[in-house]
$ cat upload_25.pdb   # PDB, C-alpha atoms, pLDDT in the B column
ATOM      1  CA  MET B   1      12.691 131.388 137.067  1.00 62.00           C
ATOM      2  CA  SER B   2      11.869 129.224 140.097  1.00 87.00           C
ATOM      3  CA  ILE B   3      11.544 130.754 143.549  1.00 88.00           C
ATOM      4  CA  GLN B   4      14.688 128.876 144.630  1.00 90.00           C
ATOM      5  CA  LYS B   5      16.667 130.426 141.762  1.00 91.00           C
ATOM      6  CA  THR B   6      15.224 133.845 142.537  1.00 90.00           C
ATOM      7  CA  ILE B   7      16.301 133.531 146.161  1.00 94.00           C
ATOM      8  CA  ALA B   8      19.718 132.168 145.153  1.00 93.00           C
ATOM      9  CA  HIS B   9      20.170 135.289 143.004  1.00 93.00           C
ATOM     10  CA  SER B  10      19.076 137.468 145.921  1.00 94.00           C
ATOM     11  CA  PHE B  11      21.492 135.684 148.274  1.00 96.00           C
ATOM     12  CA  ASN B  12      24.314 136.230 145.775  1.00 96.00           C
ATOM     13  CA  GLU B  13      23.519 139.939 145.885  1.00 96.00           C
ATOM     14  CA  ILE B  14      23.636 139.874 149.689  1.00 97.00           C
ATOM     15  CA  LYS B  15      26.949 138.023 149.632  1.00 97.00           C
ATOM     16  CA  SER B  16      28.432 140.513 147.155  1.00 97.00           C
ATOM     17  CA  ILE B  17      27.658 143.276 149.663  1.00 97.00           C
ATOM     18  CA  LEU B  18      28.730 141.389 152.786  1.00 97.00           C
ATOM     19  CA  LEU B  19      32.098 140.519 151.267  1.00 98.00           C
ATOM     20  CA  GLN B  20      32.877 144.258 151.234  1.00 97.00           C
ATOM     21  CA  PHE B  21      32.280 144.594 154.991  1.00 97.00           C
ATOM     22  CA  ASP B  22      34.284 143.924 158.108  1.00 97.00           C
ATOM     23  CA  ASP B  23      32.515 143.267 161.415  1.00 98.00           C
ATOM     24  CA  ASP B  24      32.977 146.841 162.667  1.00 98.00           C
ATOM     25  CA  MET B  25      31.229 148.291 159.607  1.00 97.00           C
ATOM     26  CA  TYR B  26      28.519 145.632 159.895  1.00 98.00           C
ATOM     27  CA  ARG B  27      27.822 146.622 163.535  1.00 97.00           C
ATOM     28  CA  LYS B  28      28.090 150.400 163.096  1.00 97.00           C
ATOM     29  CA  GLU B  29      24.977 152.239 164.289  1.00 98.00           C
ATOM     30  CA  LEU B  30      23.626 154.426 161.511  1.00 97.00           C
ATOM     31  CA  LYS B  31      21.541 157.492 162.240  1.00 96.00           C
ATOM     32  CA  ILE B  32      19.823 157.273 158.837  1.00 96.00           C
ATOM     33  CA  ILE B  33      18.182 153.990 159.869  1.00 96.00           C
ATOM     34  CA  SER B  34      17.270 155.069 163.418  1.00 96.00           C
ATOM     35  CA  ASN B  35      20.612 153.945 164.859  1.00 97.00           C
ATOM     36  CA  GLY B  36      20.111 150.472 163.451  1.00 96.00           C
ATOM     37  CA  THR B  37      22.919 148.587 161.783  1.00 97.00           C
ATOM     38  CA  ILE B  38      23.458 146.894 158.450  1.00 97.00           C
ATOM     39  CA  GLY B  39      23.897 143.682 160.432  1.00 97.00           C
ATOM     40  CA  GLN B  40      20.533 144.036 162.157  1.00 97.00           C
ATOM     41  CA  HIS B  41      18.725 144.315 158.839  1.00 95.00           C
ATOM     42  CA  PHE B  42      20.535 141.365 157.317  1.00 97.00           C
ATOM     43  CA  ARG B  43      19.916 139.342 160.506  1.00 97.00           C
ATOM     44  CA  HIS B  44      16.216 140.108 160.276  1.00 96.00           C
ATOM     45  CA  ILE B  45      16.066 138.927 156.657  1.00 96.00           C
ATOM     46  CA  ILE B  46      18.057 135.774 157.420  1.00 97.00           C
ATOM     47  CA  GLU B  47      15.884 134.940 160.438  1.00 97.00           C
ATOM     48  CA  PHE B  48      12.690 134.873 158.389  1.00 97.00           C
ATOM     49  CA  TYR B  49      14.211 132.363 155.988  1.00 97.00           C
ATOM     50  CA  PHE B  50      15.687 130.356 158.868  1.00 97.00           C
ATOM     51  CA  CYS B  51      12.350 130.322 160.701  1.00 97.00           C
ATOM     52  CA  PHE B  52      10.696 128.951 157.573  1.00 97.00           C
ATOM     53  CA  ILE B  53      13.306 126.179 157.222  1.00 97.00           C
ATOM     54  CA  GLU B  54      12.972 125.243 160.903  1.00 96.00           C
ATOM     55  CA  ALA B  55       9.197 125.001 160.436  1.00 96.00           C
ATOM     56  CA  GLN B  56       9.734 122.086 158.060  1.00 96.00           C
ATOM     57  CA  GLN B  57      10.151 119.920 161.166  1.00 94.00           C
ATOM     58  CA  ASN B  58       6.729 120.616 162.675  1.00 95.00           C
ATOM     59  CA  GLY B  59       4.759 121.862 159.647  1.00 96.00           C
ATOM     60  CA  CYS B  60       3.885 125.250 161.139  1.00 97.00           C
ATOM     61  CA  VAL B  61       5.708 128.544 160.656  1.00 97.00           C
ATOM     62  CA  CYS B  62       5.297 131.574 162.898  1.00 95.00           C
ATOM     63  CA  TYR B  63       7.576 134.447 161.955  1.00 96.00           C
ATOM     64  CA  ASP B  64       6.484 136.349 165.085  1.00 93.00           C
ATOM     65  CA  GLU B  65       8.017 133.651 167.284  1.00 92.00           C
ATOM     66  CA  ARG B  66      11.296 133.288 165.395  1.00 93.00           C
ATOM     67  CA  LYS B  67      14.526 132.926 167.354  1.00 91.00           C
ATOM     68  CA  ARG B  68      16.865 135.900 167.223  1.00 92.00           C
ATOM     69  CA  ASN B  69      20.457 134.987 166.455  1.00 95.00           C
ATOM     70  CA  TYR B  70      22.646 137.954 167.286  1.00 96.00           C
ATOM     71  CA  LEU B  71      25.705 136.373 165.655  1.00 97.00           C
ATOM     72  CA  TRP B  72      24.045 137.051 162.310  1.00 98.00           C
ATOM     73  CA  GLU B  73      23.944 140.774 163.069  1.00 96.00           C
ATOM     74  CA  THR B  74      27.491 141.048 164.389  1.00 98.00           C
ATOM     75  CA  SER B  75      29.556 138.615 162.304  1.00 98.00           C
ATOM     76  CA  VAL B  76      29.859 138.871 158.537  1.00 98.00           C
ATOM     77  CA  ILE B  77      31.339 135.351 158.352  1.00 98.00           C
ATOM     78  CA  GLU B  78      28.451 133.824 160.342  1.00 98.00           C
ATOM     79  CA  SER B  79      25.956 135.601 158.087  1.00 98.00           C
ATOM     80  CA  LEU B  80      27.678 134.321 154.966  1.00 98.00           C
ATOM     81  CA  ASN B  81      27.746 130.788 156.384  1.00 98.00           C
ATOM     82  CA  ILE B  82      24.037 130.676 157.198  1.00 98.00           C
ATOM     83  CA  ILE B  83      23.119 132.175 153.819  1.00 97.00           C
ATOM     84  CA  ASN B  84      25.012 129.353 152.095  1.00 97.00           C
ATOM     85  CA  GLN B  85      23.347 126.762 154.339  1.00 97.00           C
ATOM     86  CA  LEU B  86      19.872 128.175 153.699  1.00 97.00           C
ATOM     87  CA  ASN B  87      20.437 128.235 149.958  1.00 94.00           C
ATOM     88  CA  ASN B  88      21.280 124.526 150.045  1.00 94.00           C
ATOM     89  CA  ASP B  89      18.215 123.820 152.209  1.00 95.00           C
ATOM     90  CA  PHE B  90      15.910 125.550 149.722  1.00 92.00           C
ATOM     91  CA  LEU B  91      17.026 123.268 146.924  1.00 89.00           C
ATOM     92  CA  GLN B  92      15.791 120.240 148.905  1.00 91.00           C
ATOM     93  CA  LEU B  93      12.283 121.578 149.525  1.00 93.00           C
ATOM     94  CA  ASP B  94       9.066 120.170 148.157  1.00 94.00           C
ATOM     95  CA  LEU B  95       7.411 123.426 147.110  1.00 95.00           C
ATOM     96  CA  THR B  96       3.948 121.878 146.953  1.00 95.00           C
ATOM     97  CA  LYS B  97       4.085 120.669 150.555  1.00 96.00           C
ATOM     98  CA  LYS B  98       1.341 122.173 152.713  1.00 97.00           C
ATOM     99  CA  ILE B  99       2.387 124.096 155.791  1.00 97.00           C
ATOM    100  CA  LYS B 100       0.466 126.058 158.380  1.00 97.00           C
ATOM    101  CA  LEU B 101       1.111 129.732 159.021  1.00 97.00           C
ATOM    102  CA  LYS B 102       0.531 131.041 162.522  1.00 96.00           C
ATOM    103  CA  GLN B 103       0.153 134.792 162.848  1.00 94.00           C
ATOM    104  CA  ASN B 104      -0.078 136.628 166.157  1.00 92.00           C
ATOM    105  CA  TYR B 105      -2.141 139.812 166.363  1.00 88.00           C
ATOM    106  CA  TYR B 106      -2.354 141.617 169.657  1.00 89.00           C
ATOM    107  CA  ASN B 107      -3.716 139.004 172.082  1.00 89.00           C
ATOM    108  CA  ASP B 108      -4.937 136.580 169.450  1.00 92.00           C
ATOM    109  CA  SER B 109      -3.394 134.243 166.926  1.00 92.00           C
ATOM    110  CA  PHE B 110      -4.623 132.833 163.646  1.00 93.00           C
ATOM    111  CA  LEU B 111      -3.708 129.646 161.834  1.00 95.00           C
ATOM    112  CA  ILE B 112      -4.082 129.410 158.065  1.00 96.00           C
ATOM    113  CA  GLU B 113      -3.089 126.937 155.363  1.00 97.00           C
ATOM    114  CA  SER B 114      -0.177 127.745 153.093  1.00 97.00           C
ATOM    115  CA  THR B 115       2.482 125.988 151.050  1.00 97.00           C
ATOM    116  CA  ASN B 116       6.255 125.988 151.049  1.00 96.00           C
ATOM    117  CA  GLN B 117       6.249 127.881 147.778  1.00 96.00           C
ATOM    118  CA  ARG B 118       3.979 130.621 149.133  1.00 96.00           C
ATOM    119  CA  GLU B 119       6.032 131.026 152.312  1.00 96.00           C
ATOM    120  CA  LEU B 120       9.295 131.185 150.376  1.00 95.00           C
ATOM    121  CA  MET B 121       7.732 133.863 148.200  1.00 95.00           C
ATOM    122  CA  TYR B 122       6.681 135.756 151.340  1.00 96.00           C
ATOM    123  CA  CYS B 123      10.222 135.597 152.734  1.00 96.00           C
ATOM    124  CA  PHE B 124      11.603 136.882 149.442  1.00 95.00           C
ATOM    125  CA  ASP B 125       9.055 139.712 149.164  1.00 94.00           C
ATOM    126  CA  HIS B 126       9.687 140.649 152.789  1.00 94.00           C
ATOM    127  CA  SER B 127      13.416 140.896 152.107  1.00 95.00           C
ATOM    128  CA  ILE B 128      12.949 143.357 149.224  1.00 93.00           C
ATOM    129  CA  HIS B 129      11.730 146.224 151.410  1.00 90.00           C
ATOM    130  CA  HIS B 130      14.634 145.644 153.801  1.00 93.00           C
ATOM    131  CA  PHE B 131      16.976 145.727 150.812  1.00 95.00           C
ATOM    132  CA  ALA B 132      15.529 149.145 149.921  1.00 94.00           C
ATOM    133  CA  ILE B 133      16.242 150.416 153.439  1.00 95.00           C
ATOM    134  CA  LEU B 134      19.724 148.896 153.310  1.00 96.00           C
ATOM    135  CA  LYS B 135      20.378 150.539 149.947  1.00 95.00           C
ATOM    136  CA  ILE B 136      19.633 153.964 151.441  1.00 95.00           C
ATOM    137  CA  ALA B 137      21.921 153.275 154.392  1.00 96.00           C
ATOM    138  CA  LEU B 138      24.682 151.882 152.194  1.00 96.00           C
ATOM    139  CA  THR B 139      24.694 154.691 149.641  1.00 96.00           C
ATOM    140  CA  THR B 140      24.717 157.433 152.285  1.00 96.00           C
ATOM    141  CA  THR B 141      27.097 155.895 154.831  1.00 96.00           C
ATOM    142  CA  PHE B 142      29.313 153.571 152.804  1.00 97.00           C
ATOM    143  CA  PRO B 143      29.487 155.191 149.343  1.00 95.00           C
ATOM    144  CA  THR B 144      32.375 152.971 148.199  1.00 96.00           C
ATOM    145  CA  VAL B 145      30.380 149.764 148.713  1.00 97.00           C
ATOM    146  CA  LYS B 146      29.309 148.378 145.356  1.00 97.00           C
ATOM    147  CA  ILE B 147      25.582 147.603 145.339  1.00 96.00           C
ATOM    148  CA  PRO B 148      23.922 145.447 142.674  1.00 93.00           C
ATOM    149  CA  THR B 149      21.987 147.635 140.240  1.00 88.00           C
ATOM    150  CA  ASN B 150      18.457 146.460 141.064  1.00 88.00           C
ATOM    151  CA  PHE B 151      19.049 145.705 144.738  1.00 91.00           C
ATOM    152  CA  GLY B 152      16.022 146.762 146.786  1.00 87.00           C
ATOM    153  CA  ILE B 153      13.713 147.271 143.827  1.00 80.00           C
ATOM    154  CA  ALA B 154      10.701 144.971 143.492  1.00 78.00           C
ATOM    155  CA  SER B 155      10.382 143.130 140.195  1.00 79.00           C
ATOM    156  CA  SER B 156       6.953 144.721 139.641  1.00 78.00           C
ATOM    157  CA  THR B 157       8.589 148.159 139.919  1.00 79.00           C
ATOM    158  CA  LEU B 158      11.316 147.165 137.474  1.00 69.00           C
ATOM    159  CA  HIS B 159       8.678 145.891 135.058  1.00 72.00           C
ATOM    160  CA  PHE B 160       6.676 149.141 135.373  1.00 78.00           C
ATOM    161  CA  GLN B 161       9.778 151.280 134.873  1.00 76.00           C
ATOM    162  CA  LYS B 162      10.681 149.318 131.770  1.00 79.00           C
ATOM    163  CA  GLN B 163       7.185 149.892 130.308  1.00 82.00           C
ATOM    164  CA  GLU B 164       7.416 153.614 131.021  1.00 81.00           C
ATOM    165  CA  LYS B 165      10.556 154.011 128.910  1.00 75.00           C
TER
END
$ encode --input "upload_25.pdb" --output "structure tokens"
Amino acid sequence: MSIQKTIAHSFNEIKSILLQFDDDMYRKELKIISNGTIGQHFRHIIEFYFCFIEAQQNGCVCYDERKRNYLWETSVIESLNIINQLNNDFLQLDLTKKIKLKQNYYNDSFLIESTNQRELMYCFDHSIHHFAILKIALTTTFPTVKIPTNFGIASSTLHFQKQEK
């Protein structure tokens, strides 16, 4: 499966969850995630992908310097809209295109070579651990929300679990 198809599948899982929410639920502070919200976690995931797409213009991505869009943490409709837009953008990408990655550490920054494919994979991998956090919050606070079976479980974990059976 290509990385674009993998992400499209992941976005479909996100959409299946978001479609069960209204804005008040999306913005509700949850003690189990340190008074964070479902919307904040989805915004964070979306912003990494959006930052990567914006970097196509200048050839350098820096996730540390991404723009925060608070509409994506407060509005289910806005989140759904940007997810659909991003999914379309991914289909247009040249995965072999080289891109620079800027990383800020303390008072220093580093610039390394990467590719679109590698950065998309990073965004996807990064989203998985947020999905795991979201799954905990969803199952404890919103038990009626239907969550995709393998949501928040890394494919390597699924593979290992399958071998153990």
$ resolve_selection --input "upload_25.pdb" --expression "the PyMOL selection byres ((chain B and resi 38-47) around 6)" --output "PDB file with C-alpha atoms, in the coordinates of the input"
ATOM      1  CA  TYR B  26      28.519 145.632 159.895  1.00 98.00           C
ATOM      2  CA  ARG B  27      27.822 146.622 163.535  1.00 97.00           C
ATOM      3  CA  THR B  37      22.919 148.587 161.783  1.00 97.00           C
ATOM      4  CA  PHE B  48      12.690 134.873 158.389  1.00 97.00           C
ATOM      5  CA  TYR B  49      14.211 132.363 155.988  1.00 97.00           C
ATOM      6  CA  PHE B  50      15.687 130.356 158.868  1.00 97.00           C
ATOM      7  CA  CYS B  51      12.350 130.322 160.701  1.00 97.00           C
ATOM      8  CA  TRP B  72      24.045 137.051 162.310  1.00 98.00           C
ATOM      9  CA  GLU B  73      23.944 140.774 163.069  1.00 96.00           C
ATOM     10  CA  THR B  74      27.491 141.048 164.389  1.00 98.00           C
ATOM     11  CA  SER B 127      13.416 140.896 152.107  1.00 95.00           C
TER      12      SER B 127
END
$ atom_distance --input "upload_25.pdb" --atom1 "atom CA of Gly36 of chain B" --atom2 "atom CA of His129 of chain B"
15.3 Å
$ closest_residue --input "upload_25.pdb" --among "B:Phe160, B:Ile17, B:Glu65, B:Pro148" --to "Tyr105 of chain B" --atoms "all atoms listed in the file"
B:Glu65
$ resolve_selection --input "upload_25.pdb" --expression "the PyMOL selection byres ((chain B and resi 119) around 10)" --output "ChimeraX atom specification"
/B:48-49,52,61,95,99-101,114-118,120-125
$ residues_around --input "upload_25.pdb" --residues "segment 135-143 of chain B" --least-positions-apart "6" --cutoff "9 Å" --atoms "all atoms listed in the file" --output "count of residues only"
9
$ resolve_selection --input "upload_25.pdb" --expression "the PyMOL selection byres ((chain B and resi 4-10) around 9)" --output "mmCIF file with C-alpha atoms, in the frame of the given file"
data_model
loop_
_atom_site.group_PDB
_atom_site.id
_atom_site.type_symbol
_atom_site.label_atom_id
_atom_site.label_comp_id
_atom_site.auth_asym_id
_atom_site.auth_seq_id
_atom_site.Cartn_x
_atom_site.Cartn_y
_atom_site.Cartn_z
ATOM 1 C CA MET B 1 12.691 131.388 137.067
ATOM 2 C CA SER B 2 11.869 129.224 140.097
ATOM 3 C CA ILE B 3 11.544 130.754 143.549
ATOM 4 C CA PHE B 11 21.492 135.684 148.274
ATOM 5 C CA ASN B 12 24.314 136.230 145.775
ATOM 6 C CA GLU B 13 23.519 139.939 145.885
ATOM 7 C CA ILE B 14 23.636 139.874 149.689
ATOM 8 C CA LYS B 15 26.949 138.023 149.632
ATOM 9 C CA ASN B 87 20.437 128.235 149.958
ATOM 10 C CA PHE B 90 15.910 125.550 149.722
ATOM 11 C CA LEU B 91 17.026 123.268 146.924
ATOM 12 C CA LEU B 120 9.295 131.185 150.376
ATOM 13 C CA MET B 121 7.732 133.863 148.200
ATOM 14 C CA PHE B 124 11.603 136.882 149.442
ATOM 15 C CA PHE B 151 19.049 145.705 144.738
#
$ closest_residue --input "upload_25.pdb" --among "B:Ile128, B:Ser109, B:Gln103, B:Ile77" --to "Leu18 of chain B" --atoms "all atoms listed in the file"
B:Ile77
$ axis_aligned_box --input "upload_25.pdb" --around "segment 66-77 of chain B" --padding-each-side "8 Å" --output "JSON"
{"center_x": 21.3, "center_y": 137.0, "center_z": 162.9, "size_x": 36.0, "size_y": 24.1, "size_z": 25.0}
$ atom_distance --input "upload_25.pdb" --atom1 "atom CA of Cys60 of chain B" --atom2 "atom CA of His126 of chain B"
18.5 Å
$ build_atoms --input "upload_25.pdb" --residues "segment 152-163 of chain B" --atoms "all heavy atoms" --output "mmCIF file, in the coordinates of the input"
data_model
loop_
_atom_site.group_PDB
_atom_site.id
_atom_site.type_symbol
_atom_site.label_atom_id
_atom_site.label_comp_id
_atom_site.auth_asym_id
_atom_site.auth_seq_id
_atom_site.Cartn_x
_atom_site.Cartn_y
_atom_site.Cartn_z
ATOM 1 N N GLY B 152 17.025 145.998 146.055
ATOM 2 C CA GLY B 152 16.022 146.762 146.786
ATOM 3 C C GLY B 152 14.887 147.295 145.935
ATOM 4 O O GLY B 152 14.094 148.099 146.399
ATOM 5 N N ILE B 153 14.804 146.842 144.705
ATOM 6 C CA ILE B 153 13.713 147.271 143.827
ATOM 7 C C ILE B 153 12.873 146.044 143.480
ATOM 8 O O ILE B 153 13.397 145.054 142.960
ATOM 9 C CB ILE B 153 14.242 147.928 142.533
ATOM 10 C CG1 ILE B 153 15.183 149.092 142.870
ATOM 11 C CG2 ILE B 153 13.076 148.408 141.671
ATOM 12 C CD1 ILE B 153 15.888 149.668 141.665
ATOM 13 N N ALA B 154 11.597 146.095 143.767
ATOM 14 C CA ALA B 154 10.701 144.971 143.492
ATOM 15 C C ALA B 154 10.630 144.723 141.992
ATOM 16 O O ALA B 154 10.708 145.658 141.184
ATOM 17 C CB ALA B 154 9.301 145.264 144.040
ATOM 18 N N SER B 155 10.451 143.468 141.623
ATOM 19 C CA SER B 155 10.382 143.130 140.195
ATOM 20 C C SER B 155 9.198 143.821 139.519
ATOM 21 O O SER B 155 9.288 144.203 138.347
ATOM 22 C CB SER B 155 10.328 141.618 139.991
ATOM 23 O OG SER B 155 9.185 141.086 140.607
ATOM 24 N N SER B 156 8.101 144.020 140.233
ATOM 25 C CA SER B 156 6.953 144.721 139.641
ATOM 26 C C SER B 156 7.317 146.172 139.322
ATOM 27 O O SER B 156 6.886 146.725 138.303
ATOM 28 C CB SER B 156 5.741 144.668 140.572
ATOM 29 O OG SER B 156 6.049 145.257 141.819
ATOM 30 N N THR B 157 8.126 146.796 140.167
ATOM 31 C CA THR B 157 8.589 148.159 139.919
ATOM 32 C C THR B 157 9.507 148.200 138.709
ATOM 33 O O THR B 157 9.388 149.083 137.851
ATOM 34 C CB THR B 157 9.299 148.730 141.163
ATOM 35 O OG1 THR B 157 8.396 148.687 142.266
ATOM 36 C CG2 THR B 157 9.784 150.149 140.930
ATOM 37 N N LEU B 158 10.417 147.237 138.634
ATOM 38 C CA LEU B 158 11.316 147.165 137.474
ATOM 39 C C LEU B 158 10.523 146.997 136.183
ATOM 40 O O LEU B 158 10.819 147.651 135.176
ATOM 41 C CB LEU B 158 12.308 146.012 137.638
ATOM 42 C CG LEU B 158 13.349 146.190 138.748
ATOM 43 C CD1 LEU B 158 14.117 144.893 138.961
ATOM 44 C CD2 LEU B 158 14.290 147.342 138.417
ATOM 45 N N HIS B 159 9.523 146.142 136.239
ATOM 46 C CA HIS B 159 8.678 145.891 135.058
ATOM 47 C C HIS B 159 7.949 147.185 134.663
ATOM 48 O O HIS B 159 7.898 147.549 133.487
ATOM 49 C CB HIS B 159 7.691 144.760 135.357
ATOM 50 C CG HIS B 159 6.789 144.448 134.206
ATOM 51 N ND1 HIS B 159 7.228 143.788 133.074
ATOM 52 C CD2 HIS B 159 5.472 144.714 134.009
ATOM 53 C CE1 HIS B 159 6.217 143.657 132.235
ATOM 54 N NE2 HIS B 159 5.149 144.222 132.773
ATOM 55 N N PHE B 160 7.398 147.884 135.634
ATOM 56 C CA PHE B 160 6.676 149.141 135.373
ATOM 57 C C PHE B 160 7.627 150.187 134.782
ATOM 58 O O PHE B 160 7.286 150.851 133.810
ATOM 59 C CB PHE B 160 6.051 149.663 136.658
ATOM 60 C CG PHE B 160 5.379 150.996 136.500
ATOM 61 C CD1 PHE B 160 4.131 151.096 135.903
ATOM 62 C CD2 PHE B 160 5.997 152.154 136.944
ATOM 63 C CE1 PHE B 160 3.512 152.323 135.730
ATOM 64 C CE2 PHE B 160 5.381 153.390 136.789
ATOM 65 C CZ PHE B 160 4.137 153.471 136.183
ATOM 66 N N GLN B 161 8.808 150.293 135.365
ATOM 67 C CA GLN B 161 9.778 151.280 134.873
ATOM 68 C C GLN B 161 10.184 150.984 133.429
ATOM 69 O O GLN B 161 10.360 151.905 132.639
ATOM 70 C CB GLN B 161 11.011 151.314 135.781
ATOM 71 C CG GLN B 161 10.744 151.918 137.135
ATOM 72 C CD GLN B 161 11.909 151.767 138.100
ATOM 73 O OE1 GLN B 161 12.802 150.960 137.894
ATOM 74 N NE2 GLN B 161 11.889 152.529 139.176
ATOM 75 N N LYS B 162 10.319 149.720 133.125
ATOM 76 C CA LYS B 162 10.681 149.318 131.770
ATOM 77 C C LYS B 162 9.570 149.701 130.768
ATOM 78 O O LYS B 162 9.845 150.160 129.672
ATOM 79 C CB LYS B 162 10.939 147.816 131.725
ATOM 80 C CG LYS B 162 11.499 147.323 130.443
ATOM 81 C CD LYS B 162 11.816 145.827 130.537
ATOM 82 C CE LYS B 162 12.323 145.304 129.218
ATOM 83 N NZ LYS B 162 12.611 143.868 129.288
ATOM 84 N N GLN B 163 8.318 149.538 131.175
ATOM 85 C CA GLN B 163 7.185 149.892 130.308
ATOM 86 C C GLN B 163 7.094 151.393 130.099
ATOM 87 O O GLN B 163 6.646 151.851 129.053
ATOM 88 C CB GLN B 163 5.874 149.393 130.905
ATOM 89 C CG GLN B 163 5.682 147.902 130.780
ATOM 90 C CD GLN B 163 4.349 147.469 131.368
ATOM 91 O OE1 GLN B 163 3.822 148.089 132.295
ATOM 92 N NE2 GLN B 163 3.800 146.381 130.835
#
